[in-house]
>>> print(open('input24.cif').read())   # mmCIF, C-alpha atoms
data_structure
#
loop_
_atom_site.label_atom_id
_atom_site.label_comp_id
_atom_site.auth_asym_id
_atom_site.auth_seq_id
_atom_site.Cartn_x
_atom_site.Cartn_y
_atom_site.Cartn_z
CA MET Z 1 7.34 45.11 34.88
CA LYS Z 2 4.07 46.37 33.41
CA GLN Z 3 4.14 50.09 32.68
CA ALA Z 4 1.28 52.06 34.24
CA THR Z 5 -1.16 53.47 31.71
CA GLU Z 6 -2.86 56.86 31.86
CA GLU Z 7 -6.02 55.11 33.01
CA ASP Z 8 -4.11 53.27 35.78
CA VAL Z 9 -2.73 56.59 37.06
CA PHE Z 10 -6.17 58.17 36.87
CA ASP Z 11 -7.78 55.30 38.81
CA LEU Z 12 -5.11 55.61 41.51
CA GLN Z 13 -5.51 59.37 41.82
CA ILE Z 14 -9.27 59.30 42.20
CA GLY Z 15 -9.20 56.38 44.64
CA LEU Z 16 -10.85 53.63 42.61
CA GLY Z 17 -10.27 50.27 44.27
CA GLU Z 18 -9.48 51.75 47.70
CA SER Z 19 -12.79 50.79 49.31
CA GLU Z 20 -13.01 47.72 51.52
CA THR Z 21 -16.54 46.87 50.38
CA SER Z 22 -17.09 43.11 50.27
CA VAL Z 23 -17.98 41.31 47.06
CA GLU Z 24 -21.21 40.18 48.74
CA ASP Z 25 -22.27 43.76 49.55
CA LYS Z 26 -21.41 44.99 46.07
CA HIS Z 27 -23.41 42.17 44.50
CA PHE Z 28 -26.41 42.78 46.78
CA PHE Z 29 -26.38 46.52 46.11
CA ASP Z 30 -26.09 45.97 42.37
CA THR Z 31 -28.90 43.42 42.48
CA ALA Z 32 -31.31 45.03 44.97
CA GLY Z 33 -30.40 48.73 44.79
CA TYR Z 34 -29.97 49.19 48.55
CA LEU Z 35 -28.09 48.01 51.64
CA VAL Z 36 -29.23 47.94 55.28
CA LEU Z 37 -26.51 49.17 57.67
CA GLU Z 38 -27.18 48.18 61.26
CA ASP Z 39 -26.16 50.28 64.28
CA LEU Z 40 -24.72 53.32 62.55
CA LEU Z 41 -25.47 55.39 65.66
CA ASN Z 42 -25.23 54.34 69.30
CA PRO Z 43 -27.94 55.11 71.92
CA ASP Z 44 -26.18 58.27 73.14
CA GLN Z 45 -25.92 59.62 69.59
CA ILE Z 46 -29.57 58.79 68.92
CA SER Z 47 -30.67 60.63 72.07
CA GLN Z 48 -28.48 63.63 71.25
CA ALA Z 49 -29.84 63.83 67.70
CA GLN Z 50 -33.45 63.63 68.91
CA ASP Z 51 -32.86 66.39 71.47
CA THR Z 52 -31.14 68.57 68.87
CA LEU Z 53 -33.99 68.20 66.39
CA SER Z 54 -36.60 69.06 69.03
CA ARG Z 55 -34.67 72.20 69.95
CA ILE Z 56 -34.15 73.24 66.33
CA LYS Z 57 -37.80 72.74 65.44
CA ALA Z 58 -38.81 75.01 68.33
CA THR Z 59 -36.42 77.83 67.37
CA ILE Z 60 -35.13 77.51 63.80
CA PRO Z 61 -31.49 78.65 63.80
CA LYS Z 62 -29.69 80.46 61.03
CA ASN Z 63 -28.73 78.32 58.00
CA ILE Z 64 -31.39 75.65 58.67
CA THR Z 65 -34.74 75.83 56.88
CA LEU Z 66 -38.05 74.44 58.14
CA LEU Z 67 -40.39 72.98 55.52
CA PRO Z 68 -43.60 72.50 57.53
CA ASP Z 69 -45.74 70.91 54.82
CA SER Z 70 -43.59 68.25 53.18
CA PRO Z 71 -45.13 64.92 52.12
CA TYR Z 72 -43.76 63.46 55.37
CA GLY Z 73 -44.97 66.07 57.85
CA CYS Z 74 -42.10 68.52 58.18
CA GLU Z 75 -38.43 68.65 57.26
CA LEU Z 76 -35.41 70.53 58.53
CA VAL Z 77 -33.15 71.26 55.57
CA ASN Z 78 -29.35 71.57 55.83
CA ILE Z 79 -29.34 69.77 59.18
CA ILE Z 80 -25.53 69.45 59.13
CA GLU Z 81 -25.44 73.06 60.32
CA ALA Z 82 -26.40 71.73 63.77
CA GLU Z 83 -23.29 71.11 65.89
CA SER Z 84 -24.26 67.63 66.97
CA THR Z 85 -24.73 64.07 65.80
CA ALA Z 86 -26.66 65.48 62.84
CA GLU Z 87 -23.39 66.98 61.60
CA ASP Z 88 -21.21 64.00 62.50
CA ALA Z 89 -23.51 61.50 60.80
CA MET Z 90 -22.79 62.95 57.37
CA ALA Z 91 -19.28 61.44 57.49
CA LEU Z 92 -19.74 58.03 59.09
CA PRO Z 93 -16.77 55.88 57.93
CA ARG Z 94 -18.93 52.82 57.17
CA VAL Z 95 -21.21 54.89 54.96
CA LEU Z 96 -18.41 56.74 53.17
CA ASP Z 97 -16.68 53.49 52.28
CA TYR Z 98 -19.77 52.47 50.31
CA VAL Z 99 -20.18 55.96 48.86
CA GLN Z 100 -16.61 55.81 47.54
CA GLU Z 101 -17.28 52.40 46.01
CA PHE Z 102 -20.62 53.21 44.41
CA ILE Z 103 -20.21 56.80 43.14
CA TRP Z 104 -16.72 57.13 41.62
CA GLY Z 105 -13.72 56.70 43.88
CA ARG Z 106 -13.01 59.79 45.98
CA GLN Z 107 -14.92 61.96 43.50
CA TYR Z 108 -17.96 62.46 45.71
CA ARG Z 109 -19.46 65.21 47.84
CA LEU Z 110 -22.46 65.82 50.09
CA VAL Z 111 -25.18 67.63 48.13
CA GLY Z 112 -27.99 67.71 50.67
CA SER Z 113 -28.99 66.90 54.24
CA ARG Z 114 -32.25 67.02 56.16
CA ALA Z 115 -34.12 65.72 59.14
CA ILE Z 116 -37.53 64.19 58.50
CA LEU Z 117 -40.05 64.58 61.32
CA ARG Z 118 -43.07 62.59 60.27
CA THR Z 119 -46.59 63.06 61.57
CA PRO Z 120 -49.30 60.37 61.89
CA GLY Z 121 -50.89 59.39 58.61
CA LYS Z 122 -48.13 60.87 56.48
CA GLY Z 123 -46.56 58.64 53.85
CA SER Z 124 -45.14 59.33 50.41
CA ARG Z 125 -45.74 58.37 46.82
CA LEU Z 126 -43.68 55.67 45.14
CA SER Z 127 -40.90 57.19 43.05
CA GLN Z 128 -40.55 55.95 39.49
CA GLY Z 129 -37.02 54.55 39.36
CA GLY Z 130 -35.31 52.67 36.55
CA ASP Z 131 -34.96 53.93 32.99
CA ALA Z 132 -38.35 55.65 33.21
CA ASP Z 133 -37.24 57.90 36.09
CA PRO Z 134 -37.19 61.46 34.70
CA ARG Z 135 -34.63 62.64 37.28
CA ARG Z 136 -31.31 62.79 35.47
CA TYR Z 137 -29.39 62.95 38.74
CA ALA Z 138 -30.75 59.52 39.74
CA ARG Z 139 -28.93 57.57 37.01
CA TYR Z 140 -27.36 54.24 38.04
CA ARG Z 141 -24.79 52.07 36.29
CA CYS Z 142 -22.52 49.14 37.11
CA PHE Z 143 -20.02 48.13 34.46
CA GLY Z 144 -18.68 44.67 33.62
CA ASP Z 145 -15.41 45.34 35.43
CA GLY Z 146 -17.28 45.97 38.70
CA GLN Z 147 -17.08 49.77 38.66
CA PHE Z 148 -20.19 51.64 39.76
CA ARG Z 149 -21.45 55.04 38.65
CA CYS Z 150 -24.30 56.11 40.93
CA LEU Z 151 -25.19 59.74 40.38
CA MET Z 152 -26.93 59.97 43.73
CA ILE Z 153 -26.95 57.81 46.84
CA THR Z 154 -29.12 58.54 49.86
CA CYS Z 155 -28.45 57.35 53.40
CA LEU Z 156 -31.54 57.34 55.63
CA ILE Z 157 -30.89 56.82 59.33
CA ALA Z 158 -33.83 56.00 61.62
CA LEU Z 159 -33.83 57.77 64.99
CA THR Z 160 -36.91 55.82 66.12
CA ASP Z 161 -37.76 52.17 65.57
CA THR Z 162 -39.81 51.40 62.48
CA THR Z 163 -41.76 48.18 62.03
CA ASP Z 164 -43.06 46.25 59.07
CA GLY Z 165 -46.58 47.55 59.62
CA ASP Z 166 -45.90 51.11 60.77
CA GLY Z 167 -43.99 53.77 58.90
CA ALA Z 168 -41.31 51.63 57.30
CA PHE Z 169 -39.16 52.72 54.40
CA CYS Z 170 -40.14 50.54 51.46
CA ALA Z 171 -38.79 49.81 47.99
CA ILE Z 172 -39.19 47.59 44.96
CA PRO Z 173 -35.91 45.63 44.92
CA ALA Z 174 -34.07 45.74 41.57
CA SER Z 175 -36.37 48.49 40.24
CA HIS Z 176 -33.29 50.67 39.64
CA LYS Z 177 -32.65 48.42 36.64
CA ALA Z 178 -36.21 48.40 35.31
CA SER Z 179 -36.66 49.24 31.64
CA LEU Z 180 -40.42 49.83 31.86
CA PRO Z 181 -42.24 52.48 33.92
CA HIS Z 182 -43.98 51.07 36.98
CA PRO Z 183 -47.79 50.83 36.75
CA TYR Z 184 -48.48 51.95 40.35
CA GLU Z 185 -48.99 55.70 39.97
CA ASN Z 186 -52.27 55.86 41.91
CA THR Z 187 -52.02 52.57 43.79
CA ASP Z 188 -52.11 52.26 47.58
CA LEU Z 189 -48.67 51.18 48.78
CA ASN Z 190 -50.12 48.13 50.54
CA ALA Z 191 -51.57 46.91 47.23
CA ILE Z 192 -48.23 46.92 45.36
CA ALA Z 193 -47.19 43.27 45.38
CA PRO Z 194 -43.41 43.67 44.71
CA LEU Z 195 -43.01 46.49 47.26
CA GLN Z 196 -41.03 45.36 50.31
CA ASN Z 197 -41.00 47.06 53.70
CA ILE Z 198 -37.54 47.53 55.20
CA PRO Z 199 -38.04 48.01 58.96
CA LEU Z 200 -35.13 49.50 60.90
CA ARG Z 201 -34.14 49.80 64.53
CA ALA Z 202 -33.27 53.25 65.80
CA GLY Z 203 -29.67 54.01 64.86
CA SER Z 204 -29.67 51.79 61.78
CA GLY Z 205 -29.89 53.02 58.22
CA VAL Z 206 -30.57 52.15 54.62
CA LEU Z 207 -28.25 53.22 51.81
CA PHE Z 208 -29.87 53.24 48.38
CA THR Z 209 -29.50 54.53 44.86
CA GLU Z 210 -32.04 57.25 44.08
CA ASN Z 211 -32.81 55.30 40.90
CA LEU Z 212 -34.61 52.75 43.09
CA SER Z 213 -38.43 52.96 43.33
CA HIS Z 214 -38.99 53.80 46.99
CA ALA Z 215 -41.43 55.41 49.42
CA PHE Z 216 -42.39 55.76 53.09
CA GLN Z 217 -45.33 53.82 54.44
CA PRO Z 218 -47.74 56.01 56.48
CA THR Z 219 -46.96 56.07 60.19
CA ILE Z 220 -49.39 56.03 63.11
CA ARG Z 221 -46.80 57.03 65.69
CA GLU Z 222 -46.53 60.50 67.16
CA LYS Z 223 -42.73 60.33 66.94
CA ASP Z 224 -41.09 59.14 63.73
CA VAL Z 225 -37.74 60.80 63.06
CA TRP Z 226 -35.06 60.28 60.41
CA LEU Z 227 -31.80 61.81 59.24
CA SER Z 228 -31.24 61.90 55.49
CA TYR Z 229 -27.99 62.56 53.59
CA GLN Z 230 -27.60 62.74 49.82
CA TYR Z 231 -24.23 62.08 48.17
CA GLY Z 232 -23.40 62.76 44.53
CA PRO Z 233 -20.37 62.90 42.23
CA SER Z 234 -17.89 65.70 42.77
CA TYR Z 235 -19.38 67.96 40.09
CA MET Z 236 -22.96 67.81 41.44
CA VAL Z 237 -24.17 71.09 42.94
CA ASN Z 238 -25.87 71.43 46.30
CA TRP Z 239 -29.60 71.02 46.71
CA PRO Z 240 -31.46 74.32 47.28
CA ARG Z 241 -30.89 75.73 50.80
CA CYS Z 242 -27.99 73.29 51.39
CA GLU Z 243 -24.99 75.57 50.89
CA PRO Z 244 -22.57 75.13 53.83
CA SER Z 245 -22.10 78.22 55.93
CA THR Z 246 -18.75 79.89 56.62
CA ASP Z 247 -19.03 78.73 60.25
CA LEU Z 248 -19.58 75.10 59.21
CA LEU Z 249 -16.64 75.17 56.80
CA ALA Z 250 -14.40 76.63 59.50
CA ARG Z 251 -15.28 74.12 62.20
CA THR Z 252 -14.91 71.14 59.84
CA ALA Z 253 -11.69 72.29 58.18
CA ALA Z 254 -9.50 70.03 60.35
CA ASP Z 255 -11.68 66.96 59.73
CA PRO Z 256 -10.55 65.31 56.45
CA ALA Z 257 -13.78 63.38 55.88
CA LYS Z 258 -16.14 66.30 56.54
CA SER Z 259 -14.07 68.88 54.69
CA HIS Z 260 -13.87 66.59 51.66
CA LEU Z 261 -17.67 66.26 51.62
CA LEU Z 262 -18.04 70.04 51.73
CA LEU Z 263 -15.67 70.88 48.88
CA GLU Z 264 -17.18 73.09 46.21
CA PRO Z 265 -18.31 71.19 43.08
CA TYR Z 266 -15.36 70.18 40.90
CA TYR Z 267 -14.20 67.92 38.06
CA HIS Z 268 -11.03 65.90 38.42
CA PRO Z 269 -8.49 67.80 36.30
CA ILE Z 270 -6.87 64.87 34.50
CA GLY Z 271 -7.85 61.61 32.89
CA SER Z 272 -9.17 60.45 29.56
CA GLN Z 273 -12.52 61.59 28.26
CA LYS Z 274 -13.63 57.97 28.50
CA LYS Z 275 -13.00 58.00 32.25
CA GLN Z 276 -14.68 61.37 32.79
CA THR Z 277 -17.88 60.36 30.98
CA MET Z 278 -20.58 59.53 33.53
#
>>> encode(input="input24.cif", output="structure tokens")
Amino acid sequence: MKQATEEDVFDLQIGLGESETSVEDKHFFDTAGYLVLEDLLNPDQISQAQDTLSRIKATIPKNITLLPDSPYGCELVNIIEAESTAEDAMALPRVLDYVQEFIWGRQYRLVGSRAILRTPGKGSRLSQGGDADPRRYARYRCFGDGQFRCLMITCLIALTDTTDGDGAFCAIPASHKASLPHPYENTDLNAIAPLQNIPLRAGSGVLFTENLSHAFQPTIREKDVWLSYQYGPSYMVNWPRCEPSTDLLARTAADPAKSHLLLEPYYHPIGSQKKQTM
């Protein structure tokens, strides 16, 4: 019988290999830098989330911050503080299975959450992505043995339908592996040939590495609403204004998935230096 090595024990303890992600999904994510996840929320959850966001925007509660002049229109930061679908959606099992596969076993945590309430005409600039991306937290790697090391993954969930020509999330597939900076700094999104729109039905989402060049097309609709969750490795600190409140920690304490996401930043205490190097 083969004796377990220190690395074997370490892999087991941090949950590497536990995910049920298909080879096809892993290959597509490694190749394209994103995955579309259909029907993450059902119609009742979509309606509840929309109602909650309307109420919160009207009277901003404690622990949630309104950013009225974001590139998108306005944002509600730390939306998991809302006792509703906005909280539940941070720990969707289908999403967390991919997060566990692509970040580093069970060594992940939620570092930020927000609702995006877009206004007509509002889009966003194309992020850089690839090796030229100055954001250290966006680094992406996939090793020869099939192990991923994504330093940040974002899950965007549409609460209203988006179409190819109106307000779609868009990205340059495979740009997370680009070695050269993109030449589109001041280019209209519609004039960027490799940019692909990724339309989504309400309740569906897109999971992507932050190292991917991505943007939002401008919308012409009065109502264009999204939930956004950012996941990072266990040592990554929370985004500004995204510290969980004592009330949130208390009400999620009995939920293993949520409480794991809200653990304070930490390093796994054992394992070789080779394994701990990100």
>>> closest_residue(input="input24.cif", among="Z:Leu212, Z:Cys242, Z:Val77, Z:Ile198", to="Ala174 (chain Z)", atoms="all atoms listed in the file")
Z:Leu212
>>> residues_around(input="input24.cif", residues="region 155-171 of chain Z", least_positions_apart="5", cutoff="8 Å", atoms="only C-alpha atoms", output="PyMOL selection string")
chain Z and resi 40+46+49-50+95+123+195-208+212-221+223-230
>>> atom_distance(input="input24.cif", atom1="CA of Asp51 (chain Z)", atom2="CA of Asp88 (chain Z)")
14.9 Å
>>> closest_residue(input="input24.cif", among="Z:Cys74, Z:Leu96, Z:Ala132, Z:Ala254", to="Lys57 (chain Z)", atoms="only C-alpha atoms")
Z:Cys74
>>> residues_near_point(input="input24.cif", point="(-24.2, 60.2, 50.8)", cutoff="12 Å", atoms="all atoms listed in the file", output="ChimeraX atom specification")
/Z:89-103,107-114,150-157,205-210,227-234,258,261-262
>>> axis_aligned_box(input="input24.cif", around="region 60-78 of chain Z", padding_each_side="3 Å", output="lines of an AutoDock Vina configuration file")
center_x = -37.2
center_y = 72.0
center_z = 58.0
size_x = 23.0
size_y = 23.0
size_z = 17.7
>>> atom_distance(input="input24.cif", atom1="CA of Pro173 (chain Z)", atom2="CA of Lys26 (chain Z)")
14.6 Å
>>> atom_distance(input="input24.cif", atom1="CA of Ile116 (chain Z)", atom2="CA of His260 (chain Z)")
24.7 Å
>>> closest_residue(input="input24.cif", among="Z:Arg118, Z:Asp131, Z:Asp44, Z:Ala253", to="Leu180 (chain Z)", atoms="only C-alpha atoms")
Z:Asp131
>>> residues_near_point(input="input24.cif", point="(-30.9, 44.2, 37.1)", cutoff="8 Å", atoms="only C-alpha atoms", output="compact mmCIF listing (two decimals) with C-alpha atoms, in the coordinates of the input")
# COMPACT_ATOMS: atom_id res chain seq x y z
CA ASP Z 30 -26.09 45.97 42.37
CA THR Z 31 -28.90 43.42 42.48
CA ALA Z 32 -31.31 45.03 44.97
CA ALA Z 174 -34.07 45.74 41.57
CA SER Z 175 -36.37 48.49 40.24
CA HIS Z 176 -33.29 50.67 39.64
CA LYS Z 177 -32.65 48.42 36.64
CA ALA Z 178 -36.21 48.40 35.31
>>> residues_around(input="input24.cif", residues="Tyr235 (chain Z)", least_positions_apart="5", cutoff="6 Å", atoms="only C-alpha atoms", output="ChimeraX atom specification")
/Z:265-267
>>> closest_residue(input="input24.cif", among="Z:Asp247, Z:Arg141, Z:Ile192, Z:Pro181", to="Phe29 (chain Z)", atoms="all atoms listed in the file")
Z:Arg141
>>> resolve_selection(input="input24.cif", expression="the PyMOL selection byres ((chain Z and resi 63) around 10)", output="PyMOL selection string")
chain Z and resi 60-62+64-65+77-82+241-245+247-248
>>> write_last_selection(input="input24.cif", atoms="C-alpha atoms", output="tab-separated table (two decimals), keeping the file's coordinate frame")
chain	number	residue	atom	x	y	z
Z	60	ILE	CA	-35.13	77.51	63.80
Z	61	PRO	CA	-31.49	78.65	63.80
Z	62	LYS	CA	-29.69	80.46	61.03
Z	64	ILE	CA	-31.39	75.65	58.67
Z	65	THR	CA	-34.74	75.83	56.88
Z	77	VAL	CA	-33.15	71.26	55.57
Z	78	ASN	CA	-29.35	71.57	55.83
Z	79	ILE	CA	-29.34	69.77	59.18
Z	80	ILE	CA	-25.53	69.45	59.13
Z	81	GLU	CA	-25.44	73.06	60.32
Z	82	ALA	CA	-26.40	71.73	63.77
Z	241	ARG	CA	-30.89	75.73	50.80
Z	242	CYS	CA	-27.99	73.29	51.39
Z	243	GLU	CA	-24.99	75.57	50.89
Z	244	PRO	CA	-22.57	75.13	53.83
Z	245	SER	CA	-22.10	78.22	55.93
Z	247	ASP	CA	-19.03	78.73	60.25
Z	248	LEU	CA	-19.58	75.10	59.21
>>> closest_residue(input="input24.cif", among="Z:Ile172, Z:Leu41, Z:Ala115, Z:Ile14", to="Ser54 (chain Z)", atoms="all atoms listed in the file")
Z:Ala115
>>> closest_residue(input="input24.cif", among="Z:Val23, Z:Pro43, Z:Glu18, Z:Leu35", to="Gly146 (chain Z)", atoms="only C-alpha atoms")
Z:Val23
>>> resolve_selection(input="input24.cif", expression="the PyMOL selection byres ((chain Z and resi 126) around 8)", output="compact mmCIF listing (two decimals) with C-alpha atoms, in the coordinates of the input")
# COMPACT_ATOMS: atom_id res chain seq x y z
CA SER Z 124 -45.14 59.33 50.41
CA ARG Z 125 -45.74 58.37 46.82
CA SER Z 127 -40.90 57.19 43.05
CA GLN Z 128 -40.55 55.95 39.49
CA TYR Z 184 -48.48 51.95 40.35
CA GLU Z 185 -48.99 55.70 39.97
CA LEU Z 189 -48.67 51.18 48.78
CA SER Z 213 -38.43 52.96 43.33
CA HIS Z 214 -38.99 53.80 46.99
CA ALA Z 215 -41.43 55.41 49.42
>>> decode(input="input24.cif", residues="region 190-201 of chain Z", atoms="all heavy atoms", output="mmCIF file, in the first residue's frame")
data_model
loop_
_atom_site.group_PDB
_atom_site.id
_atom_site.type_symbol
_atom_site.label_atom_id
_atom_site.label_comp_id
_atom_site.auth_asym_id
_atom_site.auth_seq_id
_atom_site.Cartn_x
_atom_site.Cartn_y
_atom_site.Cartn_z
ATOM 1 N N ASN Z 190 -18.503 48.475 -28.829
ATOM 2 C CA ASN Z 190 -19.044 47.857 -30.041
ATOM 3 C C ASN Z 190 -18.026 47.771 -31.168
ATOM 4 O O ASN Z 190 -18.262 47.086 -32.165
ATOM 5 C CB ASN Z 190 -20.276 48.628 -30.517
ATOM 6 C CG ASN Z 190 -21.447 48.453 -29.576
ATOM 7 O OD1 ASN Z 190 -21.688 47.359 -29.062
ATOM 8 N ND2 ASN Z 190 -22.177 49.532 -29.311
ATOM 9 N N ALA Z 191 -16.889 48.461 -31.018
ATOM 10 C CA ALA Z 191 -15.857 48.440 -32.058
ATOM 11 C C ALA Z 191 -14.717 47.484 -31.722
ATOM 12 O O ALA Z 191 -13.733 47.413 -32.459
ATOM 13 C CB ALA Z 191 -15.311 49.849 -32.274
ATOM 14 N N ILE Z 192 -14.841 46.743 -30.619
ATOM 15 C CA ILE Z 192 -13.794 45.795 -30.223
ATOM 16 C C ILE Z 192 -14.150 44.424 -30.781
ATOM 17 O O ILE Z 192 -15.045 43.739 -30.274
ATOM 18 C CB ILE Z 192 -13.651 45.752 -28.688
ATOM 19 C CG1 ILE Z 192 -13.302 47.144 -28.157
ATOM 20 C CG2 ILE Z 192 -12.587 44.745 -28.279
ATOM 21 C CD1 ILE Z 192 -13.251 47.240 -26.642
ATOM 22 N N ALA Z 193 -13.475 44.027 -31.834
ATOM 23 C CA ALA Z 193 -13.842 42.821 -32.579
ATOM 24 C C ALA Z 193 -13.883 41.547 -31.730
ATOM 25 O O ALA Z 193 -14.821 40.750 -31.853
ATOM 26 C CB ALA Z 193 -12.900 42.641 -33.771
ATOM 27 N N PRO Z 194 -12.896 41.280 -30.845
ATOM 28 C CA PRO Z 194 -12.936 40.009 -30.096
ATOM 29 C C PRO Z 194 -13.877 40.007 -28.899
ATOM 30 O O PRO Z 194 -14.047 38.974 -28.247
ATOM 31 C CB PRO Z 194 -11.480 39.836 -29.636
ATOM 32 C CG PRO Z 194 -10.953 41.218 -29.543
ATOM 33 C CD PRO Z 194 -11.632 42.007 -30.627
ATOM 34 N N LEU Z 195 -14.492 41.161 -28.591
ATOM 35 C CA LEU Z 195 -15.381 41.243 -27.427
ATOM 36 C C LEU Z 195 -16.690 40.519 -27.719
ATOM 37 O O LEU Z 195 -17.324 40.755 -28.748
ATOM 38 C CB LEU Z 195 -15.656 42.701 -27.087
ATOM 39 C CG LEU Z 195 -16.337 42.987 -25.745
ATOM 40 C CD1 LEU Z 195 -15.423 42.626 -24.587
ATOM 41 C CD2 LEU Z 195 -16.745 44.459 -25.662
ATOM 42 N N GLN Z 196 -17.099 39.642 -26.832
ATOM 43 C CA GLN Z 196 -18.330 38.876 -27.017
ATOM 44 C C GLN Z 196 -19.351 39.236 -25.941
ATOM 45 O O GLN Z 196 -19.029 39.240 -24.748
ATOM 46 C CB GLN Z 196 -18.041 37.373 -26.968
ATOM 47 C CG GLN Z 196 -17.232 36.865 -28.132
ATOM 48 C CD GLN Z 196 -17.134 35.349 -28.154
ATOM 49 O OE1 GLN Z 196 -17.841 34.646 -27.431
ATOM 50 N NE2 GLN Z 196 -16.243 34.830 -28.974
ATOM 51 N N ASN Z 197 -20.565 39.537 -26.369
ATOM 52 C CA ASN Z 197 -21.665 39.732 -25.427
ATOM 53 C C ASN Z 197 -22.116 38.384 -24.880
ATOM 54 O O ASN Z 197 -22.140 37.382 -25.607
ATOM 55 C CB ASN Z 197 -22.834 40.425 -26.113
ATOM 56 C CG ASN Z 197 -22.520 41.859 -26.486
ATOM 57 O OD1 ASN Z 197 -21.715 42.506 -25.840
ATOM 58 N ND2 ASN Z 197 -23.149 42.354 -27.533
ATOM 59 N N ILE Z 198 -22.475 38.377 -23.596
ATOM 60 C CA ILE Z 198 -22.940 37.142 -22.948
ATOM 61 C C ILE Z 198 -24.310 37.438 -22.337
ATOM 62 O O ILE Z 198 -24.427 37.758 -21.147
ATOM 63 C CB ILE Z 198 -21.931 36.678 -21.876
ATOM 64 C CG1 ILE Z 198 -20.540 36.510 -22.492
ATOM 65 C CG2 ILE Z 198 -22.390 35.369 -21.232
ATOM 66 C CD1 ILE Z 198 -19.436 36.247 -21.489
ATOM 67 N N PRO Z 199 -25.373 37.397 -23.153
ATOM 68 C CA PRO Z 199 -26.713 37.697 -22.629
ATOM 69 C C PRO Z 199 -27.175 36.631 -21.656
ATOM 70 O O PRO Z 199 -26.839 35.446 -21.792
ATOM 71 C CB PRO Z 199 -27.574 37.728 -23.895
ATOM 72 C CG PRO Z 199 -26.846 36.880 -24.884
ATOM 73 C CD PRO Z 199 -25.389 37.046 -24.581
ATOM 74 N N LEU Z 200 -27.956 37.047 -20.664
ATOM 75 C CA LEU Z 200 -28.427 36.137 -19.621
ATOM 76 C C LEU Z 200 -29.899 36.364 -19.345
ATOM 77 O O LEU Z 200 -30.372 37.497 -19.327
ATOM 78 C CB LEU Z 200 -27.648 36.365 -18.317
ATOM 79 C CG LEU Z 200 -26.142 36.118 -18.345
ATOM 80 C CD1 LEU Z 200 -25.505 36.657 -17.071
ATOM 81 C CD2 LEU Z 200 -25.848 34.631 -18.500
ATOM 82 N N ARG Z 201 -30.619 35.272 -19.096
ATOM 83 C CA ARG Z 201 -31.982 35.384 -18.597
ATOM 84 C C ARG Z 201 -31.949 35.721 -17.112
ATOM 85 O O ARG Z 201 -30.993 35.395 -16.410
ATOM 86 C CB ARG Z 201 -32.747 34.071 -18.793
ATOM 87 C CG ARG Z 201 -32.917 33.622 -20.223
ATOM 88 C CD ARG Z 201 -33.958 32.499 -20.302
ATOM 89 N NE ARG Z 201 -33.702 31.457 -19.325
ATOM 90 C CZ ARG Z 201 -32.956 30.384 -19.562
ATOM 91 N NH1 ARG Z 201 -32.386 30.206 -20.738
ATOM 92 N NH2 ARG Z 201 -32.776 29.462 -18.625
#
